Structures are given as structure tokens and as C-alpha cells.
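See below for run_34.cif, which holds mmCIF, C-alpha atoms.
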data_coords
loop_
_atom_site.label_atom_id
_atom_site.label_comp_id
_atom_site.auth_asym_id
_atom_site.auth_seq_id
_atom_site.Cartn_x
_atom_site.Cartn_y
_atom_site.Cartn_z
CA MET A 1 -19.21 -24.02 2.33
CA SER A 2 -20.46 -21.87 -0.53
CA SER A 3 -18.11 -20.58 -3.20
CA GLY A 4 -18.85 -16.99 -2.08
CA SER A 5 -17.89 -17.83 1.48
CA SER A 6 -14.78 -19.63 0.23
CA PHE A 7 -13.69 -16.59 -1.80
CA LYS A 8 -14.35 -14.31 1.17
CA ASN A 9 -12.16 -16.47 3.40
CA ARG A 10 -9.41 -16.47 0.80
CA LEU A 11 -9.55 -12.69 0.82
CA ALA A 12 -9.09 -12.86 4.59
CA TYR A 13 -5.56 -14.14 3.99
CA LEU A 14 -4.89 -11.14 1.79
CA ASP A 15 -6.38 -8.74 4.33
CA ALA A 16 -4.10 -10.31 6.94
CA ILE A 17 -1.10 -9.46 4.75
CA ARG A 18 -2.49 -5.95 4.39
CA ALA A 19 -2.53 -5.79 8.19
CA LEU A 20 1.13 -6.79 8.28
CA GLY A 21 1.88 -4.00 5.83
CA VAL A 22 0.15 -1.26 7.81
CA LEU A 23 1.60 -2.45 11.13
CA LEU A 24 5.09 -2.34 9.63
CA VAL A 25 4.47 1.25 8.54
CA ILE A 26 3.09 2.25 11.95
CA ALA A 27 6.07 0.65 13.67
CA TYR A 28 8.42 2.49 11.31
CA HIS A 29 6.91 5.89 12.07
CA THR A 30 6.54 5.16 15.78
CA SER A 31 10.26 4.37 16.00
CA TYR A 32 11.10 7.94 14.99
CA ARG A 33 8.95 9.36 17.82
CA PHE A 34 9.76 6.70 20.43
CA ALA A 35 13.27 5.50 19.64
CA PRO A 36 13.80 1.75 20.30
CA LEU A 37 16.37 0.96 22.95
CA GLU A 38 19.84 -0.28 22.04
CA GLY A 39 18.94 -3.66 23.48
CA ASP A 40 15.82 -4.00 21.34
CA PRO A 41 16.94 -5.60 18.05
CA VAL A 42 13.37 -6.08 16.80
CA GLY A 43 12.42 -2.45 17.34
CA ARG A 44 15.64 -1.21 15.79
CA THR A 45 15.11 -3.48 12.79
CA LEU A 46 11.58 -2.15 12.32
CA ARG A 47 13.03 1.35 12.35
CA VAL A 48 14.97 0.46 9.21
CA ILE A 49 12.68 -1.84 7.23
CA GLY A 50 9.16 -0.83 8.28
CA TRP A 51 8.76 1.30 5.18
CA MET A 52 8.54 -1.90 3.13
CA GLY A 53 5.02 -2.41 4.42
CA VAL A 54 3.91 -0.03 1.68
CA ASP A 55 5.37 -2.38 -0.92
CA LEU A 56 3.13 -5.13 0.43
CA PHE A 57 0.20 -2.79 -0.25
CA PHE A 58 1.38 -2.38 -3.83
CA ALA A 59 1.55 -6.13 -4.44
CA LEU A 60 -1.92 -6.60 -2.94
CA SER A 61 -3.42 -3.71 -4.84
CA GLY A 62 -1.95 -4.89 -8.12
CA PHE A 63 -3.21 -8.43 -7.59
CA LEU A 64 -6.75 -7.40 -6.66
CA VAL A 65 -7.01 -4.81 -9.43
CA GLY A 66 -5.69 -7.32 -11.97
CA LEU A 67 -8.20 -9.88 -10.73
CA ILE A 68 -11.07 -7.40 -11.02
CA LEU A 69 -10.10 -6.16 -14.47
CA SER A 70 -9.65 -9.71 -15.79
CA LYS A 71 -13.34 -10.28 -15.12
CA GLU A 72 -14.64 -7.07 -16.65
CA LYS A 73 -16.64 -7.71 -19.82
CA ASN A 74 -17.88 -4.33 -21.01
CA ARG A 75 -17.32 -0.62 -20.88
CA ARG A 76 -19.77 -0.13 -18.06
CA ASP A 77 -17.84 -2.65 -16.00
CA ILE A 78 -14.72 -0.54 -16.50
CA ALA A 79 -16.73 2.54 -15.51
CA LEU A 80 -17.87 0.64 -12.43
CA PHE A 81 -14.23 -0.16 -11.63
CA PHE A 82 -13.32 3.53 -11.69
CA ARG A 83 -16.41 4.49 -9.70
CA LYS A 84 -15.68 1.91 -7.00
CA ARG A 85 -12.05 3.00 -6.80
CA PHE A 86 -13.17 6.62 -6.46
CA PHE A 87 -15.53 5.96 -3.56
CA ARG A 88 -13.03 3.66 -1.88
CA ILE A 89 -10.09 6.05 -2.07
CA VAL A 90 -11.14 9.67 -2.42
CA PRO A 91 -13.69 10.55 0.31
CA ILE A 92 -11.67 9.34 3.32
CA PHE A 93 -8.50 10.66 1.66
CA VAL A 94 -10.05 14.14 1.48
CA VAL A 95 -10.93 13.86 5.18
CA ALA A 96 -7.31 12.92 5.97
CA VAL A 97 -5.90 15.84 3.97
CA ALA A 98 -8.36 18.21 5.63
CA THR A 99 -7.35 16.85 9.05
CA PHE A 100 -3.70 17.53 8.23
CA ALA A 101 -4.55 21.06 7.08
CA LEU A 102 -6.50 21.80 10.26
CA ALA A 103 -3.74 20.37 12.42
CA ASP A 104 -1.19 22.47 10.54
CA LEU A 105 -3.37 25.54 11.05
CA ALA A 106 -3.60 24.84 14.78
CA THR A 107 0.02 23.91 15.48
CA ASN A 108 2.08 25.45 12.69
CA ASP A 109 0.22 28.67 11.87
CA GLY A 110 -0.95 27.12 8.60
CA ARG A 111 2.49 27.31 6.98
CA ASN A 112 1.68 24.37 4.72
CA PHE A 113 -1.77 25.60 3.80
CA ALA A 114 -0.78 27.06 0.42
CA ASN A 115 0.68 23.70 -0.67
CA MET A 116 -2.15 21.42 0.43
CA TRP A 117 -3.42 21.17 -3.16
CA LYS A 118 -0.44 18.95 -3.97
CA PRO A 119 -1.38 15.95 -1.82
CA LEU A 120 -5.07 16.64 -2.46
CA LEU A 121 -4.47 16.02 -6.19
CA PHE A 122 -2.33 12.90 -5.51
CA LEU A 123 0.81 14.69 -6.69
CA THR A 124 2.98 14.10 -3.62
CA GLY A 125 5.09 11.36 -5.18
CA TYR A 126 5.66 13.38 -8.34
CA LEU A 127 6.54 16.71 -6.73
CA GLN A 128 8.41 15.76 -3.56
CA PRO A 129 11.53 14.43 -5.36
CA ILE A 130 11.68 17.66 -7.35
CA GLN A 131 10.57 20.31 -4.85
CA GLY A 132 11.60 18.68 -1.56
CA GLU A 133 9.65 17.81 1.57
CA ALA A 134 9.44 21.43 2.73
CA LEU A 135 7.16 22.34 -0.18
CA VAL A 136 5.08 19.14 -0.30
CA PRO A 137 3.13 18.53 2.93
CA PHE A 138 1.58 15.29 4.23
CA THR A 139 4.38 13.29 2.68
CA ILE A 140 2.99 9.83 3.44
CA THR A 141 0.45 10.41 0.66
CA TRP A 142 3.21 9.60 -1.85
CA SER A 143 1.98 6.01 -1.93
CA LEU A 144 -1.45 7.21 -3.08
CA SER A 145 0.27 8.95 -5.99
CA VAL A 146 1.61 5.55 -7.04
CA GLU A 147 -1.63 3.64 -6.53
CA VAL A 148 -3.96 6.17 -8.15
CA SER A 149 -1.64 6.49 -11.15
CA ALA A 150 -1.61 2.69 -11.47
CA TYR A 151 -5.39 2.37 -11.18
CA ILE A 152 -5.94 4.93 -13.92
CA LEU A 153 -3.33 3.38 -16.19
CA LEU A 154 -4.44 -0.23 -15.67
CA GLY A 155 -8.11 0.65 -16.03
CA LEU A 156 -7.49 2.44 -19.32
CA LEU A 157 -5.33 -0.43 -20.57
CA ALA A 158 -8.06 -2.95 -19.76
CA TRP A 159 -10.56 -0.77 -21.60
CA LYS A 160 -8.51 0.04 -24.70
CA ALA A 161 -5.96 -2.76 -25.04
CA TRP A 162 -7.07 -5.85 -23.13
CA PRO A 163 -5.50 -8.37 -25.58
CA ARG A 164 -2.11 -6.75 -24.88
CA PHE A 165 -2.75 -6.15 -21.17
CA GLY A 166 -0.19 -8.67 -19.93
CA LEU A 167 2.43 -7.56 -22.43
CA VAL A 168 2.08 -3.92 -21.40
CA LEU A 169 2.33 -4.86 -17.72
CA ALA A 170 5.52 -6.81 -18.38
CA THR A 171 6.90 -3.85 -20.33
CA LEU A 172 6.23 -1.54 -17.38
CA VAL A 173 8.17 -3.91 -15.13
CA VAL A 174 11.12 -4.15 -17.50
CA LEU A 175 11.31 -0.40 -18.14
CA SER A 176 11.28 0.39 -14.42
CA ILE A 177 14.83 -0.96 -14.04
CA PRO A 178 16.65 1.39 -16.47
CA LEU A 179 14.48 4.26 -15.23
CA ARG A 180 15.62 3.72 -11.63
CA PHE A 181 19.25 3.31 -12.71
CA TRP A 182 19.01 6.61 -14.59
CA LEU A 183 17.46 8.37 -11.61
CA ALA A 184 20.07 6.94 -9.22
CA LEU A 185 23.25 7.10 -11.29
CA GLY A 186 22.38 9.63 -13.97
CA LEU A 187 20.50 12.25 -11.97
CA GLY A 188 21.91 11.34 -8.55
CA TRP A 189 18.55 10.97 -6.83
CA GLU A 190 18.59 9.58 -3.32
CA GLU A 191 17.07 6.15 -2.71
CA GLY A 192 14.20 7.65 -0.74
CA MET A 193 13.20 9.92 -3.61
CA ILE A 194 13.37 7.14 -6.21
CA GLY A 195 11.23 5.04 -3.89
CA ILE A 196 8.33 7.49 -3.92
CA PHE A 197 8.40 8.55 -7.59
CA PRO A 198 5.35 6.89 -9.24
CA PRO A 199 6.87 6.09 -12.67
CA ALA A 200 9.72 4.31 -10.88
CA ARG A 201 7.44 2.29 -8.59
CA ILE A 202 4.49 1.28 -10.73
CA ASP A 203 6.23 -2.03 -11.50
CA ALA A 204 5.36 -3.21 -7.98
CA ILE A 205 1.66 -2.95 -8.81
CA ALA A 206 2.17 -4.34 -12.31
CA LEU A 207 3.79 -7.47 -10.83
CA GLY A 208 0.75 -8.06 -8.65
CA ALA A 209 -1.53 -7.66 -11.67
CA LEU A 210 0.58 -10.09 -13.70
CA ALA A 211 0.20 -12.67 -10.94
CA ALA A 212 -3.58 -12.12 -10.95
CA ILE A 213 -3.98 -12.79 -14.68
CA GLY A 214 -2.01 -16.04 -14.52
CA LYS A 215 1.41 -15.02 -15.85
CA PHE A 216 3.20 -16.62 -12.89
CA ASP A 217 1.14 -19.80 -12.69
CA ARG A 218 4.16 -22.07 -13.18
CA LEU A 219 5.95 -20.44 -10.27
CA LEU A 220 2.83 -20.86 -8.16
CA ALA A 221 2.40 -24.55 -8.97
CA ILE A 222 5.21 -25.67 -6.66
CA PRO A 223 4.39 -27.39 -3.34
CA ARG A 224 3.85 -25.09 -0.35
CA ALA A 225 4.11 -22.03 -2.57
CA ALA A 226 2.54 -19.69 0.00
CA LEU A 227 5.03 -20.75 2.67
CA MET A 228 8.04 -20.50 0.38
CA TYR A 229 7.18 -17.11 -1.09
CA GLY A 230 6.17 -15.83 2.33
CA LEU A 231 9.59 -16.79 3.67
CA LEU A 232 11.28 -15.20 0.67
CA THR A 233 9.31 -11.98 1.16
CA ILE A 234 10.03 -11.75 4.87
CA GLY A 235 13.61 -12.87 4.30
CA THR A 236 14.10 -10.12 1.75
CA ILE A 237 12.83 -7.53 4.22
CA ILE A 238 15.32 -8.74 6.81
CA ALA A 239 18.16 -8.99 4.27
CA PHE A 240 17.60 -5.39 3.25
CA ARG A 241 17.98 -4.43 6.93
CA PHE A 242 21.54 -5.74 7.00
CA ALA A 243 22.55 -4.84 3.46
CA THR A 244 25.89 -3.04 3.31
CA TRP A 245 25.20 -2.40 -0.40
CA TYR A 246 22.00 -0.54 0.48
CA PRO A 247 22.30 2.31 -2.04
CA PRO A 248 21.88 2.10 -4.95
CA PHE A 249 20.95 -1.62 -5.00
CA ILE A 250 17.56 -1.30 -3.33
CA ALA A 251 16.76 1.84 -5.28
CA THR A 252 17.40 0.06 -8.58
CA VAL A 253 17.06 -3.74 -8.46
CA GLY A 254 15.91 -4.30 -4.88
CA TYR A 255 12.41 -2.95 -5.42
CA LEU A 256 11.93 -5.42 -8.28
CA ILE A 257 13.10 -8.41 -6.23
CA PHE A 258 10.88 -7.59 -3.30
CA GLY A 259 7.93 -6.73 -5.54
CA LEU A 260 8.18 -10.09 -7.32
CA PHE A 261 8.35 -12.11 -4.10
CA ALA A 262 5.49 -10.13 -2.58
CA ALA A 263 3.32 -10.60 -5.69
CA LEU A 264 3.98 -14.35 -5.68
CA TRP A 265 3.18 -14.55 -1.97
CA VAL A 266 -0.10 -12.73 -2.42
CA ALA A 267 -1.10 -14.88 -5.39
CA ALA A 268 -0.16 -18.08 -3.54
CA LEU A 269 -2.20 -17.05 -0.51
CA ALA A 270 -5.20 -16.38 -2.76
CA ARG A 271 -5.03 -20.03 -3.86
CA LEU A 272 -5.10 -21.53 -0.37
CA GLU A 273 -8.12 -23.48 0.78
CA PRO A 274 -10.00 -21.39 3.35
CA ARG A 275 -9.85 -22.35 7.02
CA ASP A 276 -11.52 -20.91 10.09
CA ASN A 277 -8.69 -19.29 12.02
CA GLY A 278 -9.21 -16.74 14.79
CA VAL A 279 -5.76 -15.20 14.38
CA VAL A 280 -6.21 -14.75 10.63
CA SER A 281 -9.71 -13.35 11.19
CA PHE A 282 -8.41 -10.74 13.64
CA PHE A 283 -5.61 -9.61 11.36
CA ALA A 284 -8.05 -9.60 8.45
CA SER A 285 -10.19 -7.15 10.42
CA VAL A 286 -7.10 -4.96 10.81
CA GLY A 287 -6.44 -5.27 7.09
CA LEU A 288 -10.01 -4.26 6.35
CA VAL A 289 -9.39 -0.82 7.86
CA SER A 290 -5.71 -0.60 6.90
CA TYR A 291 -6.33 2.26 4.45
CA PHE A 292 -7.78 4.40 7.23
CA MET A 293 -4.94 3.33 9.55
CA TYR A 294 -2.35 4.32 6.97
CA LEU A 295 -3.88 7.76 6.39
CA PHE A 296 -4.44 8.64 10.06
CA HIS A 297 -1.79 6.81 12.08
CA LEU A 298 0.63 9.74 12.15
CA PHE A 299 -1.99 11.95 13.81
CA VAL A 300 -2.52 9.31 16.49
CA ILE A 301 1.21 8.76 17.04
CA GLU A 302 1.72 12.50 17.52
CA ALA A 303 -1.20 12.62 19.99
CA VAL A 304 0.24 9.69 21.95
CA LEU A 305 3.63 11.41 21.98
CA LEU A 306 2.11 14.61 23.36
CA VAL A 307 0.27 12.74 26.12
CA ASP A 308 3.40 10.74 26.96
CA ALA A 309 5.48 13.91 27.24
CA ARG A 310 2.79 15.81 29.17
CA PHE A 311 2.34 13.18 31.86
CA TRP A 312 5.88 11.71 31.88
CA ILE A 313 4.56 8.23 31.19
CA GLY A 314 7.65 6.84 29.49
CA LEU A 315 5.86 4.57 27.04
CA GLY A 316 8.89 3.71 24.93
CA PHE A 317 8.75 2.22 21.47
CA TRP A 318 6.55 -0.81 22.12
CA GLY A 319 4.11 1.05 24.33
CA GLY A 320 3.78 3.84 21.79
CA PHE A 321 3.42 1.41 18.91
CA LEU A 322 0.77 -0.76 20.57
CA ILE A 323 -1.33 2.16 21.81
CA ALA A 324 -1.14 4.05 18.51
CA SER A 325 -2.01 0.89 16.56
CA ALA A 326 -4.95 0.04 18.82
CA LEU A 327 -6.40 3.55 18.78
CA THR A 328 -6.05 3.88 15.02
CA TYR A 329 -7.64 0.44 14.53
CA ILE A 330 -10.64 1.33 16.70
CA ALA A 331 -11.10 4.65 14.90
CA GLY A 332 -10.80 2.78 11.60
CA LEU A 333 -13.60 0.39 12.53
CA VAL A 334 -15.88 3.32 13.36
CA SER A 335 -14.98 5.06 10.09
CA TRP A 336 -15.58 1.87 8.12
CA LYS A 337 -18.98 1.27 9.64
CA LEU A 338 -20.33 4.81 9.49
CA PHE A 339 -18.53 6.45 6.58
CA GLU A 340 -16.44 4.30 4.24
CA GLN A 341 -18.57 1.19 3.81
CA PRO A 342 -21.80 3.09 2.96
CA LEU A 343 -19.93 5.09 0.32
CA ILE A 344 -18.37 1.96 -1.15
CA ARG A 345 -21.77 0.31 -1.39
CA PHE A 346 -23.14 3.37 -3.14
CA GLY A 347 -20.25 3.39 -5.60
CA SER A 348 -20.65 -0.35 -6.26
CA GLN A 349 -24.17 -0.11 -7.64
CA ARG A 350 -24.13 -1.69 -11.08
CA ARG A 351 -25.85 -0.19 -14.09
CA ASP A 352 -27.08 -1.95 -17.24
CA PRO A 353 -24.39 -3.90 -19.11
CA GLY A 354 -22.73 -2.39 -22.16
CA PRO A 355 -20.98 -3.84 -25.23
CA ALA A 356 -18.38 -6.53 -24.56
CA LEU A 357 -14.70 -5.63 -24.29
CA VAL A 358 -13.23 -8.97 -23.25
CA PRO A 359 -14.29 -12.11 -25.11
#
Written form, C-alpha cells:
Amino acid sequence: MSSGSSFKNRLAYLDAIRALGVLLVIAYHTSYRFAPLEGDPVGRTLRVIGWMGVDLFFALSGFLVGLILSKEKNRRDIALFFRKRFFRIVPIFVVAVATFALADLATNDGRNFANMWKPLLFLTGYLQPIQGEALVPFTITWSLSVEVSAYILLGLLAWKAWPRFGLVLATLVVLSIPLRFWLALGLGWEEGMIGIFPPARIDAIALGALAAIGKFDRLLAIPRAALMYGLLTIGTIIAFRFATWYPPFIATVGYLIFGLFAALWVAALARLEPRDNGVVSFFASVGLVSYFMYLFHLFVIEAVLLVDARFWIGLGFWGGFLIASALTYIAGLVSWKLFEQPLIRFGSQRRDPGPALVP
């Protein structure tokens, strides 16, 4: 097997984790439209912890961005990084925001129209804690506020201060803890608002980047590292479900604990020898279109809910979740083939190399 094929298969493990993340989020939002039954402990657990799927995205994004930036050698490589990120994130994001605006115009008399510039400029996570959900539409775009802020910051750091890149990342992680304590105990912010505020969440991406540049290599050298950190990550999700000390622990220290375990899991998976596995391949295909699924799943869930109510189908939580996931996945494959992938290829075209940045 060629090294390129080997690397591609290793990325399949990471795409499979991305699939887990997006399915957790879809399950979380489905549970608030199709409430799980009292006798469904799995569904009721997903209703509480499904939001943590986004934190898996952060760990993955941080790891992959750190890996990419560690290989950049010149200014034009950094420019290529920003160009690729732009074409990967912005075009389909604009389509999603426009879809929300049109849906709002059709079903809500366009009441949110005047505020659509906020998500469009990736400001949701910054403005929602201050202005409230009523004035910041399309609230799930808060995670893009975190990721875009991190991409800009990490890209600039790699360009201007690569020798201190790891130190600055570690500083971001350390400073996130007093910041969250101040927001929780000093300003009295609710856990949900702290959880979407980009300066308070960028440590999750920084941890992934630290793992990518080798700062956790000793922790990754243990036997069966992927299994152990996978169990710790999943175990932490479940533990948070039953935590009686929920606020303010998760809003302050909990994010750091989960972010560290998730970053270690991702990095350990990236080290595994590739194997042909049909299950992993399927979930990797879901992970491939997970960005589309994240942006558009709420539209599909609402459509499924309308059909269920119109025809008295009685889908319930699992029926709604499976149908919404399948429809969003199929739409994502079409979008990837016809829209996203061609744009990414265009944005990935390399120009002539420039002066070296990294020795």
C-alpha cells in the first residue's frame, strides 16, 4: 500500500469520528422535536449530551489545522491555507444562511431578516451571549464563530511566530480556564452562553493543534492509546450526562477535560495502521459530508416534523432521527459532488513557492 493511500485511510478514522460528532448533534436537535420516550434511556441521554458532538469537531479541526500548518514552509503556503479554508467553509455556509433567510421569509414573515448579517459574518458566538437568541438568528452557526476565529488566529501565528507556535497554543489553553471562571462566577453567564463564546472555547481547537505538532507524544506512546482515549472521551460524555455538579463545572473545567481527551483520541487514531473496514468506510463517508449535515440538518428535521404531523405518522425520536440523518446525508453527498468538492479543488491550486517561514 502506498504512503498516500495509507494516509488517506488514516484520515478515514478521523472522518468516522467526525461522523459520530454530527450524528450526536442531529440526535440532540431531533430529541427536541421528537421527544424520546420515558423508557428510552439512550434517546433521553442523547437529549442531554448530544451537544458535545461539536466539541469532537473542535478537536478534529484543531488537529488537522495544526498538522497542515506544521508542514507549511513559506508565505504562499500560509496563503494557500487561508484560501483552502475559505473555499471549504464560506460558499456552502452562505448557501445555508440564505436558506435560513428564505425559510424565515416564508414561515416567519422575515422577522429575522434584519439580523441575518450576524451569522453571515460569523459573529453568532460573539453576539448571542450579549444580545440573546432573539436578536441572533440561525444560532447553530455559533460553532463556526469559534472555528473561523481559530483558523485566522492559528494561521497568523504560524505565519508570524512559528517558533513560539506551541507556546502560544498552550497559553491559550491555560488562559481559557480563568476566562470561563470569570464569565461564570464574575459575570454570571449561563453555561450555554459560555459554551458558545469563541474566546472561551478556542482552547478546544488549540488542544487538537498541540496534539498535531507533537506536544502530547508521551501520552500517545502508551499501548492501545486509541482505545483508552476513546473510552475516556465517550466516558466523559456519559459522565457529564449524570453530573449533579453540572453548572458551573462543565462551563469552567469540564470543557478542558473533554477537549484534552478528544484531542488525544483524535491524535491516537491518526497513528493507527490503516485497515480495510466497511463500517469505518461508511462512517467516513458520513464524516466527509458532516459540515453540510451540520449546517442543514435543522431544515430537514423541521421538514420531517411537518410531514409527520401532517400525515399522523408517529415517527417518534428514533424514526425522526434516522430519517433526518439519512436525508441530510444523501443531500450532503450531492452537494459534495456538485458544489463543494469542485470549489475546494479550485481553492487548493498551488502557486509558486515563496520565501521560507519554517526551517
Near-Leu46 in chain A list (9 Å; all atoms listed in the file; drop same-chain fewer than 6 positions) as a VMD selection string: chain A and resid 24 to 25 27 to 28 31 241
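Here CA of Trp189 in chain A stands at a distance of 14.0 Å from CA of Glu133 in chain A.
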Contacts of Ala114 in chain A within 12 Å, only C-alpha atoms, excl. fewer than 6 positions in-chain, as a PyMOL selection string: chain A and resi 101+104-105+120+134-137
Explicit residue set for the PyMOL selection byres ((chain A and resi 165) around 12), as a PyMOL selection string: chain A and resi 66+69-70+153-164+166-172+206+209-210+212-215+358
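Compared by their closest atoms to Val65 in chain A, and using all atoms listed in the file, the residues A:Phe82, A:Phe87, A:Trp318, A:Tyr151 rank with A:Tyr151 nearest.
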Target residues per the PyMOL selection byres ((chain A and resi 259-261) around 7), formatted as an MDAnalysis selection string: chainID A and resid 55 59 204 207 229 232:233 255:258 262:265
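We find CA of Val334 in chain A and CA of Tyr291 in chain A to be spaced 13.1 Å apart.
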Residues near Pro223 in chain A, cut-off 12 Å, all atoms listed in the file, skip fewer than 6 positions along chain, as a PyMOL selection string: chain A and resi 229+268+271-272
For a cut-off of 12 Å around (2.0, 1.4, -2.9), file coordinates, pick out all residues using only C-alpha atoms and list them as a PDB file with C-alpha atoms, in the coordinates of the input.
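Result file out.pdb:
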ATOM      1  CA  ARG A  18      -2.490  -5.950   4.390  1.00  0.00           C
ATOM      2  CA  GLY A  21       1.880  -4.000   5.830  1.00  0.00           C
ATOM      3  CA  VAL A  22       0.150  -1.260   7.810  1.00  0.00           C
ATOM      4  CA  VAL A  25       4.470   1.250   8.540  1.00  0.00           C
ATOM      5  CA  TRP A  51       8.760   1.300   5.180  1.00  0.00           C
ATOM      6  CA  MET A  52       8.540  -1.900   3.130  1.00  0.00           C
ATOM      7  CA  GLY A  53       5.020  -2.410   4.420  1.00  0.00           C
ATOM      8  CA  VAL A  54       3.910  -0.030   1.680  1.00  0.00           C
ATOM      9  CA  ASP A  55       5.370  -2.380  -0.920  1.00  0.00           C
ATOM     10  CA  LEU A  56       3.130  -5.130   0.430  1.00  0.00           C
ATOM     11  CA  PHE A  57       0.200  -2.790  -0.250  1.00  0.00           C
ATOM     12  CA  PHE A  58       1.380  -2.380  -3.830  1.00  0.00           C
ATOM     13  CA  ALA A  59       1.550  -6.130  -4.440  1.00  0.00           C
ATOM     14  CA  LEU A  60      -1.920  -6.600  -2.940  1.00  0.00           C
ATOM     15  CA  SER A  61      -3.420  -3.710  -4.840  1.00  0.00           C
ATOM     16  CA  GLY A  62      -1.950  -4.890  -8.120  1.00  0.00           C
ATOM     17  CA  GLY A 125       5.090  11.360  -5.180  1.00  0.00           C
ATOM     18  CA  ILE A 140       2.990   9.830   3.440  1.00  0.00           C
ATOM     19  CA  THR A 141       0.450  10.410   0.660  1.00  0.00           C
ATOM     20  CA  TRP A 142       3.210   9.600  -1.850  1.00  0.00           C
ATOM     21  CA  SER A 143       1.980   6.010  -1.930  1.00  0.00           C
ATOM     22  CA  LEU A 144      -1.450   7.210  -3.080  1.00  0.00           C
ATOM     23  CA  SER A 145       0.270   8.950  -5.990  1.00  0.00           C
ATOM     24  CA  VAL A 146       1.610   5.550  -7.040  1.00  0.00           C
ATOM     25  CA  GLU A 147      -1.630   3.640  -6.530  1.00  0.00           C
ATOM     26  CA  VAL A 148      -3.960   6.170  -8.150  1.00  0.00           C
ATOM     27  CA  SER A 149      -1.640   6.490 -11.150  1.00  0.00           C
ATOM     28  CA  ALA A 150      -1.610   2.690 -11.470  1.00  0.00           C
ATOM     29  CA  TYR A 151      -5.390   2.370 -11.180  1.00  0.00           C
ATOM     30  CA  GLY A 195      11.230   5.040  -3.890  1.00  0.00           C
ATOM     31  CA  ILE A 196       8.330   7.490  -3.920  1.00  0.00           C
ATOM     32  CA  PHE A 197       8.400   8.550  -7.590  1.00  0.00           C
ATOM     33  CA  PRO A 198       5.350   6.890  -9.240  1.00  0.00           C
ATOM     34  CA  PRO A 199       6.870   6.090 -12.670  1.00  0.00           C
ATOM     35  CA  ALA A 200       9.720   4.310 -10.880  1.00  0.00           C
ATOM     36  CA  ARG A 201       7.440   2.290  -8.590  1.00  0.00           C
ATOM     37  CA  ILE A 202       4.490   1.280 -10.730  1.00  0.00           C
ATOM     38  CA  ASP A 203       6.230  -2.030 -11.500  1.00  0.00           C
ATOM     39  CA  ALA A 204       5.360  -3.210  -7.980  1.00  0.00           C
ATOM     40  CA  ILE A 205       1.660  -2.950  -8.810  1.00  0.00           C
ATOM     41  CA  ALA A 206       2.170  -4.340 -12.310  1.00  0.00           C
ATOM     42  CA  GLY A 208       0.750  -8.060  -8.650  1.00  0.00           C
ATOM     43  CA  TYR A 255      12.410  -2.950  -5.420  1.00  0.00           C
ATOM     44  CA  GLY A 259       7.930  -6.730  -5.540  1.00  0.00           C
ATOM     45  CA  TYR A 291      -6.330   2.260   4.450  1.00  0.00           C
ATOM     46  CA  TYR A 294      -2.350   4.320   6.970  1.00  0.00           C
TER      47      TYR A 294
END
Result set of the PyMOL selection byres ((chain A and resi 47) around 9) on the coordinates above, as an MDAnalysis selection string: chainID A and resid 27:32 35:36 42:46 48:51
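Across the structure, CA of Gly230 in chain A and CA of Ala270 in chain A are spaced 12.5 Å apart.
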